[in-house]
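Student: First, the structure itself, so that you have it in front of you.
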Amino acid sequence: MADAVHAEDGSIVMQLMHCGRASVRANKEPSAEAITPSAAPSIVKIPVPDRTPQKPEQPTRCPAKKFAVSSPNLRAPQQRRAVPSLDGVELHCASGYSPMLFLPSNFNLWIDDYGESVADRIRFAVEALHAMPDTIGADRVGSRICPGRDTNGMNDADPKETYAALIKAVAPLGLAYLHLIRFALPSFDPLALVKANWKGPHQQSIFAE
């Protein structure tokens, strides 16, 4: 696939994501666990291969340190022989998946270095995005966010504060881009928030309610 994209003068990026609590057994390997910062299943049913929505399974509450230790292990596809020709990686920090699960105040109930305060709730995403450029360079790393969106039950008390802090924390890294999933919100404009705190390249996916 990568070769076909390059043949048309295009670029292709691999998205790194973890479903977290938005998970059902039918969508994964039998031995795979559903792990999250807090042991609460998604309130939204998840489609399975036959497109029938199923109630998500009960996740296991995983120590935040275990999540954090995995962030330096994120490796670019260029480091793997199976997919040597991809152009970069994007950290999926949106849609109620991990690592977004650490961000909202209503879901992240930790009282350690990865919970409670805004600085601690953004810590996992910040650590991951600091680790990824070490393997392939910041100009090949992007991130995807959806400030203020309540996907899969994410309801932060102050998403403007949370995402402004996250964006400011990673802006100095010189990442390739920031991918904004933009929904129309009554409380604030996510695009204005990005523009006020991010000076690098950005792109947006726009969705109407």
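Following the order of the structure tokens, chains are lettered A, B, ..., residues in each are numbered from 1, and ligands are numbered from 1.
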DSSP on the backbone, strand (DSSP E or B) only: what residues of segment 7-188 of chain A does that give? Format it as a PyMOL selection string.
Tutor: chain A and resi 13-16+18+35-36+46-47+53-54+60-61+88-92+98+141-145+177-183
Student: Residues within 10 Å of Leu185 of chain A, please, as an MDAnalysis selection string. Count only C-alpha atoms; anything in the same chain fewer than 2 positions from it doesn't count.
Tutor: chainID A and resid 147:149 182:183 187:190 208:209
Student: I'd like the neighbourhood of Phe107 of chain A as a ChimeraX atom specification, where a residue qualifies if any of its atoms comes within 9 Å (using only C-alpha atoms), though same-chain residues fewer than 4 positions away should be ignored.
Tutor: /A:37-38,40,101-103,153-156
Student: Report as a count of residues only all protein, DNA and RNA residues lying within 10 Å of Leu178 of chain A, evaluated on only C-alpha atoms, omitting residues in the same chain fewer than 4 positions from it.
Tutor: 18
Student: Which residues are close to Glu116 of chain A, i.e. within 12 Å by only C-alpha atoms, leaving aside same-chain residues fewer than 2 positions away? Reply as a PDB file with C-alpha atoms, in the first residue's frame.
Tutor:
```
ATOM      1  CA  PHE A 102      -5.929  10.185  30.726  1.00  0.00           C
ATOM      2  CA  LEU A 103      -7.082  13.686  29.749  1.00  0.00           C
ATOM      3  CA  PRO A 104     -10.664  14.240  30.978  1.00  0.00           C
ATOM      4  CA  SER A 105     -11.313  15.063  34.614  1.00  0.00           C
ATOM      5  CA  ASN A 106     -14.451  12.898  34.710  1.00  0.00           C
ATOM      6  CA  PHE A 107     -12.599   9.702  33.782  1.00  0.00           C
ATOM      7  CA  ASN A 108      -9.022  10.006  34.992  1.00  0.00           C
ATOM      8  CA  LEU A 109      -9.416   9.317  38.704  1.00  0.00           C
ATOM      9  CA  TRP A 110      -5.753   8.749  39.486  1.00  0.00           C
ATOM     10  CA  ILE A 111      -4.189  10.590  42.414  1.00  0.00           C
ATOM     11  CA  ASP A 112      -0.574  10.023  41.353  1.00  0.00           C
ATOM     12  CA  ASP A 113       1.671  11.674  38.763  1.00  0.00           C
ATOM     13  CA  TYR A 114      -0.848  10.870  36.001  1.00  0.00           C
ATOM     14  CA  VAL A 118      -4.173  19.256  34.394  1.00  0.00           C
ATOM     15  CA  ALA A 119      -0.381  18.904  34.319  1.00  0.00           C
ATOM     16  CA  ASP A 120      -0.657  15.303  35.478  1.00  0.00           C
ATOM     17  CA  ARG A 121      -3.580  14.341  33.230  1.00  0.00           C
ATOM     18  CA  ILE A 122      -1.700  15.453  30.101  1.00  0.00           C
ATOM     19  CA  ARG A 123       1.503  13.739  31.240  1.00  0.00           C
ATOM     20  CA  ASP A 156     -13.715  17.167  30.916  1.00  0.00           C
ATOM     21  CA  ALA A 157     -14.675  19.945  33.327  1.00  0.00           C
ATOM     22  CA  THR A 162      -6.702  20.861  29.420  1.00  0.00           C
TER      23      THR A 162
END
```
Student: I want to know what sits within 9 Å of Cys146 of chain A, based on only C-alpha atoms, with residues of the same chain fewer than 4 positions away left out; could you give that as a compact mmCIF listing (two decimals) with N, CA and C atoms, in the first residue's frame?
Tutor:
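Result written to result.txt:
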```
# COMPACT_ATOMS: atom_id res chain seq x y z
N CYS A 93 -4.75 10.58 19.84
CA CYS A 93 -5.07 11.05 21.18
C CYS A 93 -6.47 11.66 21.17
N ALA A 94 -7.46 10.88 20.64
CA ALA A 94 -8.81 11.41 20.46
C ALA A 94 -9.83 10.28 20.57
N SER A 95 -11.10 10.61 20.36
CA SER A 95 -12.19 9.65 20.22
C SER A 95 -12.44 8.75 21.42
N THR A 151 -17.00 12.11 23.03
CA THR A 151 -16.97 10.76 22.46
C THR A 151 -16.68 9.72 23.52
N TYR A 163 -6.64 21.17 27.01
CA TYR A 163 -6.01 21.06 25.70
C TYR A 163 -5.05 22.21 25.42
N HIS A 179 -3.31 17.22 14.17
CA HIS A 179 -4.55 16.88 13.46
C HIS A 179 -5.73 17.12 14.39
N LEU A 180 -6.55 18.09 14.08
CA LEU A 180 -7.70 18.44 14.89
C LEU A 180 -8.98 17.83 14.32
N ILE A 181 -9.69 17.05 15.14
CA ILE A 181 -11.04 16.63 14.79
C ILE A 181 -11.96 17.73 15.32
N ARG A 182 -12.52 18.51 14.43
CA ARG A 182 -13.25 19.70 14.82
C ARG A 182 -14.76 19.51 14.74
N PHE A 183 -15.40 19.58 15.90
CA PHE A 183 -16.86 19.58 15.98
C PHE A 183 -17.32 20.98 16.38
N PRO A 190 -12.75 24.88 18.86
CA PRO A 190 -11.51 24.13 18.95
C PRO A 190 -10.42 24.63 18.02
```
Student: Between A:Ala176, A:Leu129, A:Met17, A:Ala164, which residue has the minimum interatomic distance to Asp87 of chain A, considering only C-alpha atoms?
Tutor: A:Ala176
Student: Which residue, A:Lys195, A:Arg21, A:Arg51, A:His92, has the smallest gap to Asn152 of chain A when you use only C-alpha atoms?
Tutor: A:Arg21
Student: Could you find all residues in segment 10-203 of chain A that DSSP calls helix (DSSP H, G or I) from the backbone, and write them as a ChimeraX atom specification?
Tutor: /A:25-27,64-73,77-79,100-102,118-121,123-131,133-136,138-140,151-153,159-173,190-197
Student: Can I get the selection written as a compact mmCIF listing (two decimals), in the first residue's frame, with C-alpha atoms?
Tutor:
```txt
# COMPACT_ATOMS: atom_id res chain seq x y z
CA ARG A 25 -14.09 -9.27 22.70
CA ALA A 26 -15.22 -9.89 19.10
CA ASN A 27 -12.90 -7.18 17.79
CA ALA A 64 -0.72 4.49 35.14
CA LYS A 65 3.00 3.80 35.45
CA LYS A 66 2.54 0.74 33.22
CA PHE A 67 1.01 2.91 30.51
CA ALA A 68 3.79 5.46 30.89
CA VAL A 69 6.54 2.87 30.61
CA SER A 70 5.16 1.85 27.22
CA SER A 71 5.54 5.30 25.69
CA PRO A 72 9.31 5.06 25.09
CA ASN A 73 8.61 1.74 23.34
CA PRO A 77 7.41 1.83 11.17
CA GLN A 78 10.77 2.67 9.58
CA GLN A 79 12.34 0.66 12.40
CA MET A 100 -7.12 10.44 25.57
CA LEU A 101 -8.48 8.45 28.52
CA PHE A 102 -5.93 10.19 30.73
CA VAL A 118 -4.17 19.26 34.39
CA ALA A 119 -0.38 18.90 34.32
CA ASP A 120 -0.66 15.30 35.48
CA ARG A 121 -3.58 14.34 33.23
CA ARG A 123 1.50 13.74 31.24
CA PHE A 124 1.07 10.45 29.38
CA ALA A 125 0.36 12.08 26.01
CA VAL A 126 3.24 14.50 26.51
CA GLU A 127 5.67 11.70 27.42
CA ALA A 128 4.59 9.64 24.42
CA LEU A 129 5.04 12.54 22.01
CA HIS A 130 8.44 13.33 23.52
CA ALA A 131 9.55 9.71 23.06
CA PRO A 133 10.70 11.74 17.78
CA ASP A 134 13.71 10.02 19.35
CA THR A 135 13.24 7.12 16.94
CA ILE A 136 12.40 8.85 13.64
CA ALA A 138 9.94 15.12 15.09
CA ASP A 139 9.28 15.93 11.43
CA ARG A 140 7.79 12.46 11.01
CA THR A 151 -16.97 10.76 22.46
CA ASN A 152 -17.28 7.54 24.47
CA GLY A 153 -18.28 9.46 27.59
CA PRO A 159 -11.42 21.15 27.99
CA LYS A 160 -10.06 24.55 26.97
CA GLU A 161 -7.64 24.51 29.90
CA THR A 162 -6.70 20.86 29.42
CA TYR A 163 -6.01 21.06 25.70
CA ALA A 164 -4.30 24.44 25.85
CA ALA A 165 -1.87 22.90 28.35
CA LEU A 166 -1.37 19.80 26.18
CA ILE A 167 -0.77 21.79 23.00
CA LYS A 168 1.64 24.19 24.69
CA ALA A 169 3.57 21.27 26.21
CA VAL A 170 4.26 19.60 22.86
CA ALA A 171 4.49 22.68 20.63
CA PRO A 172 8.27 23.10 21.18
CA LEU A 173 8.93 19.59 19.85
CA PRO A 190 -11.51 24.13 18.95
CA LEU A 191 -9.77 25.57 15.89
CA ALA A 192 -9.32 28.93 17.60
CA LEU A 193 -7.88 27.09 20.60
CA VAL A 194 -5.34 25.31 18.38
CA LYS A 195 -4.35 28.48 16.55
CA ALA A 196 -3.81 30.31 19.84
CA ASN A 197 -1.47 27.66 21.23
```
Student: My list of candidates is A:Asp3, A:Asp158, A:Glu33, A:Asp50. Which is closest to Gly20 of chain A when distances are computed with only C-alpha atoms?
Tutor: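 Going through A:Asp3, A:Asp158, A:Glu33, A:Asp50 one by one, the smallest distance to Gly20 of chain A is for A:Glu33.
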Student: Calculate how many Å separate atom CA of Pro49 of chain A from atom CA of Cys19 of chain A, rounding to one decimal.
Tutor: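 According to the coordinates, atom CA of Pro49 of chain A and atom CA of Cys19 of chain A are separated by 15.5 Å.
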Student: Go through A:Gly96, A:Gly10, A:Gly88, A:Pro47 and flag the residue nearest Leu175 of chain A, using only C-alpha atoms for the distances.
Tutor: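 Smallest distance to Leu175 of chain A is found for A:Gly88.
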Student: Could you check how far atom CA of Gln58 of chain A sits from atom CA of Ala32 of chain A, in Å to one decimal?
Tutor: 12.8 Å
